[in-house]
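Source file: input_21.txt. Holds: compact mmCIF, C-alpha atoms.
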```
# COMPACT_ATOMS: atom_id res chain seq x y z
CA MET J 251 0.00 0.00 0.00
CA LYS J 252 1.16 3.53 -0.81
CA ILE J 253 0.52 5.76 2.23
CA LEU J 254 0.85 9.53 1.99
CA MET J 255 1.28 11.09 5.45
CA VAL J 256 0.82 14.80 6.09
CA SER J 257 2.33 16.36 9.20
CA ILE J 258 4.62 19.06 10.53
CA PRO J 259 8.11 17.90 11.65
CA ASN J 260 7.34 16.51 15.07
CA HIS J 261 8.83 13.92 17.42
CA HIS J 262 5.43 12.31 17.91
CA PHE J 263 4.95 11.93 14.17
CA PHE J 264 8.39 10.37 13.78
CA GLN J 265 7.58 7.86 16.51
CA TRP J 266 4.27 7.01 14.84
CA VAL J 267 5.58 6.61 11.31
CA ASP J 268 8.53 4.51 12.48
CA GLN J 269 6.05 1.81 13.49
CA LEU J 270 5.58 1.13 9.75
CA LYS J 271 9.25 0.49 9.06
CA ASP J 272 9.77 -2.88 7.36
CA SER J 273 5.99 -3.31 7.05
CA GLY J 274 6.14 -3.53 3.28
CA HIS J 275 4.17 -0.32 2.77
CA ASP J 276 5.47 2.53 0.60
CA VAL J 277 5.39 5.52 2.97
CA ILE J 278 5.61 9.11 1.76
CA TRP J 279 5.72 12.12 4.09
CA PHE J 280 4.61 15.57 2.98
CA ASP J 281 6.04 18.11 5.44
CA ALA J 282 3.10 20.53 5.66
CA SER J 283 5.23 23.32 7.12
CA ASP J 284 8.37 22.54 5.10
CA GLY J 285 10.46 23.00 8.22
CA GLY J 286 14.14 22.09 8.26
CA SER J 287 16.20 19.52 6.43
CA PRO J 288 15.36 15.84 5.75
CA VAL J 289 14.97 13.81 8.94
CA GLU J 290 17.62 11.14 9.31
CA ARG J 291 15.77 9.07 11.91
CA ILE J 292 13.06 8.26 9.31
CA ASN J 293 15.40 8.09 6.32
CA TRP J 294 13.52 5.04 5.03
CA VAL J 295 10.50 7.31 4.33
CA THR J 296 10.18 9.28 1.06
CA GLN J 297 10.30 12.85 2.41
CA ILE J 298 8.77 15.75 0.47
CA LYS J 299 10.51 18.87 1.68
CA GLY J 300 11.86 22.06 0.14
CA TRP J 301 8.59 22.74 -1.67
CA LYS J 302 7.59 26.08 -0.16
CA LEU J 303 10.15 28.66 -1.27
CA LYS J 304 10.52 29.68 -4.90
CA TRP J 305 13.86 31.28 -4.05
CA ASN J 306 15.86 30.74 -0.88
CA PHE J 307 17.62 34.08 -1.19
CA PRO J 308 20.87 34.97 0.63
CA MET J 309 20.51 36.24 4.20
CA ARG J 310 16.82 35.25 4.23
CA HIS J 311 16.87 34.41 7.95
CA THR J 312 18.51 37.77 8.75
CA VAL J 313 15.80 39.64 6.85
CA LYS J 314 13.13 37.55 8.59
CA HIS J 315 14.58 38.36 12.02
CA TYR J 316 15.30 42.08 11.65
CA PHE J 317 12.72 43.14 9.06
CA PRO J 318 9.66 40.94 9.70
CA LYS J 319 7.17 43.21 7.89
CA SER J 320 9.32 43.37 4.76
CA TYR J 321 9.88 39.62 4.96
CA ALA J 322 6.14 38.93 5.19
CA LEU J 323 5.56 41.05 2.08
CA LEU J 324 8.30 39.22 0.18
CA GLN J 325 6.93 35.83 1.15
CA LYS J 326 3.57 36.63 -0.45
CA TYR J 327 5.38 36.33 -3.77
CA ASN J 328 8.09 33.89 -2.77
CA GLU J 329 6.04 31.04 -1.26
CA ARG J 330 4.27 28.38 -3.31
CA ASP J 331 0.61 27.68 -2.60
CA ILE J 332 0.23 24.49 -0.57
CA THR J 333 -2.97 23.52 -2.39
CA THR J 334 -1.24 23.59 -5.77
CA VAL J 335 1.80 21.73 -4.45
CA PHE J 336 -0.29 19.02 -2.77
CA GLU J 337 -2.42 18.53 -5.87
CA ASN J 338 0.78 17.85 -7.83
CA ILE J 339 1.90 15.38 -5.16
CA ILE J 340 -1.38 13.47 -5.39
CA GLN J 341 -0.98 13.29 -9.16
CA GLU J 342 2.64 12.17 -8.94
CA TYR J 343 2.43 9.55 -6.18
CA GLN J 344 -1.17 8.32 -6.62
CA PRO J 345 -1.50 7.28 -2.95
CA ASP J 346 -3.82 4.51 -1.83
CA ILE J 347 -4.57 6.42 1.36
CA VAL J 348 -3.81 9.82 2.92
CA HIS J 349 -3.25 10.29 6.66
CA SER J 350 -3.20 13.75 8.28
CA PHE J 351 -1.78 14.28 11.77
CA GLU J 352 -3.45 17.34 13.36
CA MET J 353 -6.16 19.43 11.75
CA ARG J 354 -5.08 23.09 11.72
CA LEU J 355 -1.64 22.67 10.18
CA ALA J 356 -1.86 19.34 8.35
CA GLY J 357 -5.55 18.91 7.53
CA LEU J 358 -7.30 22.16 6.70
CA PRO J 359 -4.55 23.41 4.34
CA ILE J 360 -5.04 20.38 2.06
CA LEU J 361 -8.80 19.99 2.51
CA ALA J 362 -9.72 21.43 -0.90
CA VAL J 363 -7.48 18.85 -2.60
CA MET J 364 -8.88 15.97 -0.55
CA GLN J 365 -12.43 17.09 -1.36
CA LYS J 366 -11.54 17.01 -5.04
CA HIS J 367 -10.06 13.51 -4.72
CA ASN J 368 -12.89 12.15 -2.60
CA SER J 369 -12.29 8.55 -3.70
CA ILE J 370 -9.00 8.42 -1.78
CA PRO J 371 -9.57 7.11 1.78
CA TYR J 372 -8.63 9.79 4.31
CA ILE J 373 -7.44 9.19 7.89
CA TYR J 374 -7.25 11.97 10.46
CA SER J 375 -5.39 11.63 13.76
CA SER J 376 -6.46 14.25 16.31
CA TRP J 377 -3.61 15.28 18.57
CA GLY J 378 -3.49 17.03 21.93
CA SER J 379 -5.66 20.16 21.97
CA ASP J 380 -6.40 19.93 18.24
CA LEU J 381 -10.16 19.40 18.59
CA PHE J 382 -10.65 20.38 22.20
CA TYR J 383 -9.33 23.93 21.77
CA TYR J 384 -10.20 24.60 18.15
CA PRO J 385 -11.99 27.94 18.92
CA GLN J 386 -8.94 29.17 20.85
CA LEU J 387 -6.76 28.09 17.92
CA GLY J 388 -8.76 30.35 15.63
CA ILE J 389 -10.64 27.62 13.73
CA HIS J 390 -14.25 28.34 12.84
CA GLU J 391 -16.85 25.71 13.69
CA LYS J 392 -17.91 25.47 10.02
CA ALA J 393 -14.32 24.71 8.99
CA VAL J 394 -14.20 21.88 11.54
CA SER J 395 -17.45 20.34 10.31
CA ASN J 396 -16.37 20.65 6.65
CA PHE J 397 -13.10 18.94 7.46
CA LEU J 398 -14.70 16.13 9.45
CA GLU J 399 -17.21 15.55 6.67
CA ARG J 400 -14.33 14.61 4.35
CA VAL J 401 -12.58 12.33 6.88
CA ASP J 402 -13.25 8.61 6.39
CA TYR J 403 -11.38 7.25 9.41
CA LEU J 404 -10.74 8.97 12.73
CA ILE J 405 -8.14 8.30 15.44
CA THR J 406 -8.07 10.35 18.66
CA ASP J 407 -5.88 10.69 21.74
CA CYS J 408 -8.89 10.23 24.02
CA GLN J 409 -12.60 9.46 24.07
CA ARG J 410 -13.33 13.14 24.79
CA ASP J 411 -12.09 14.18 21.36
CA TYR J 412 -14.11 11.51 19.60
CA ASN J 413 -17.20 12.92 21.31
CA ILE J 414 -16.24 16.42 20.13
CA ALA J 415 -15.87 15.14 16.58
CA VAL J 416 -19.32 13.54 16.71
CA ALA J 417 -20.79 16.77 18.10
CA ASN J 418 -19.32 18.54 15.07
CA GLY J 419 -20.94 16.17 12.60
CA TYR J 420 -18.52 13.27 12.26
CA THR J 421 -20.37 10.10 11.23
CA ASN J 422 -17.76 7.86 9.64
CA ALA J 423 -15.55 5.11 11.06
CA PHE J 424 -13.77 5.50 14.40
CA LEU J 425 -10.55 3.50 14.55
CA GLY J 426 -10.15 4.02 18.28
CA VAL J 427 -8.17 5.87 20.92
CA TYR J 428 -4.41 5.61 20.46
CA PRO J 429 -1.63 7.77 21.94
CA GLY J 430 -0.64 10.26 19.27
CA ASN J 431 3.07 9.89 19.94
CA GLY J 432 3.21 6.34 18.63
CA GLY J 433 4.74 5.09 21.86
CA ILE J 434 8.02 5.96 23.54
CA THR J 435 11.23 3.96 23.46
CA ILE J 436 12.70 3.90 26.97
CA ASP J 437 15.94 2.36 28.21
CA THR J 438 14.73 0.65 31.39
CA THR J 439 18.16 -0.45 32.62
CA ASN J 440 18.60 2.63 34.83
CA ILE J 441 15.02 2.95 36.10
CA LYS J 442 14.81 2.47 39.86
CA ASP J 443 12.16 0.41 41.61
CA SER J 444 9.19 2.50 42.78
CA PRO J 445 10.15 2.58 46.51
CA LYS J 446 13.58 4.02 45.60
CA ARG J 447 12.29 6.93 43.49
CA ASN J 448 12.24 10.41 45.03
CA THR J 449 11.58 12.66 42.00
CA LEU J 450 8.33 13.33 40.17
CA THR J 451 8.58 15.01 36.74
CA ILE J 452 5.54 16.64 35.11
CA LYS J 453 5.59 17.58 31.43
CA GLY J 454 3.52 20.53 30.22
CA TYR J 455 3.40 23.54 27.90
CA ASP J 456 4.02 27.16 28.82
CA ASP J 457 1.72 28.83 26.28
CA GLY J 458 -1.81 30.17 25.92
CA VAL J 459 -3.35 26.71 25.63
CA GLY J 460 -1.25 24.53 27.89
CA MET J 461 0.01 26.85 30.62
CA VAL J 462 -0.98 25.95 34.16
CA ARG J 463 -2.48 29.01 35.85
CA LYS J 464 -2.22 29.42 39.62
```

For the structure just supplied, provide its representation as structure tokens.
Amino acid sequence: MKILMVSIPNHHFFQWVDQLKDSGHDVIWFDASDGGSPVERINWVTQIKGWKLKWNFPMRHTVKHYFPKSYALLQKYNERDITTVFENIIQEYQPDIVHSFEMRLAGLPILAVMQKHNSIPYIYSSWGSDLFYYPQLGIHEKAVSNFLERVDYLITDCQRDYNIAVANGYTNAFLGVYPGNGGITIDTTNIKDSPKRNTLTIKGYDDGVGMVRK
């Protein structure tokens, strides 16, 4: 099977996709944000990167840092349209299935293309606050329902988000609740027995969505 995955460069995505290594599937990754260089840890995946800029001009990062308004104006003419690029990718690779990880950055930008190619099965994995905080993320309710209408198969991090999807009109197949990070590889050789542990570590986010307020 030829699987086209759409995601931003993300540790959780790399963990997920690595589960398909040596599975016999032909896996292609479209980097929806076109961020950074090819990822060595998933070098067995066909990686579509370097698609966004028409011209990676000298001192681009300096201009971006010191002259953000001028840079934003330049990028209106210097960046390729993701819809056009993704349409070309569909035509070139002819995937058997498309799988988007996260809605705002990896689903909505390609929705028009997926609506056009409505015979291609479409999987959507909801991650973290993707569905739960969609109003705070600036996503209109109509955009969410339009997106979910196109999705054929849904995977969520928790039952809560499946319920949110249903409340927003999702009626197709639910593949279940699975951790979005694809599991974590841990070296257990140095892990102490529970009675010997004296440190508790809590992971969180210090931003508008994930910050813990006192």

Contacts of region 434-447 of chain J at 12 Å (all atoms listed in the file; same-chain gap of 5+ positions) as a ChimeraX atom specification:
/J:261-266,268-269,429

Atomic distance CA of Met364 (chain J) - CA of Thr334 (chain J), expressed in Å with one decimal:
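Between CA of Met364 (chain J) and CA of Thr334 (chain J) the gap works out to 12.0 Å.
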
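Distances to Ile347 (chain J) were evaluated for J:Ile373, J:Cys408, J:Ile452, J:Leu398 using all atoms listed in the file, and the minimum falls at J:Ile373.
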
Return as lines of an AutoDock Vina configuration file the box centre and box size in Å, one decimal, for an axis-aligned box around all listed atoms of region 414-423 of chain J padded by 8 Å per side.
```
center_x = -18.2
center_y = 11.8
center_z = 14.9
size_x = 21.4
size_y = 29.4
size_z = 26.5
```

Pick the closest to Asn368 (chain J) from J:Val401, J:Val289, J:Met353, J:Ala423: which is it, counting all atoms listed in the file?
J:Val401

Contact residues around Thr296 (chain J) with only C-alpha atoms at 10 Å, ignoring same-chain residues under 4 positions, as number ranges by chain
J: 254, 276-280, 288, 292

Provide the CA of Gly419 (chain J) to CA of Asp402 (chain J) distance in Å, to one decimal place.
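Calculated distance between CA of Gly419 (chain J) and CA of Asp402 (chain J) is 12.4 Å.
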
Atom pair CA of Phe397 (chain J) / CA of Gln297 (chain J): separation (Å)
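So the two atoms, CA of Phe397 (chain J) and CA of Gln297 (chain J), lie 24.7 Å apart.
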
Between J:Lys326, J:Asp281, J:Ser376, J:Gly388, which has the minimum distance to Ile298 (chain J) (counting only C-alpha atoms)?
J:Asp281

Residues within 12 Å of Pro385 (chain J), please, as a count of residues only. Count only C-alpha atoms; anything in the same chain fewer than 5 positions from it doesn't count.
9
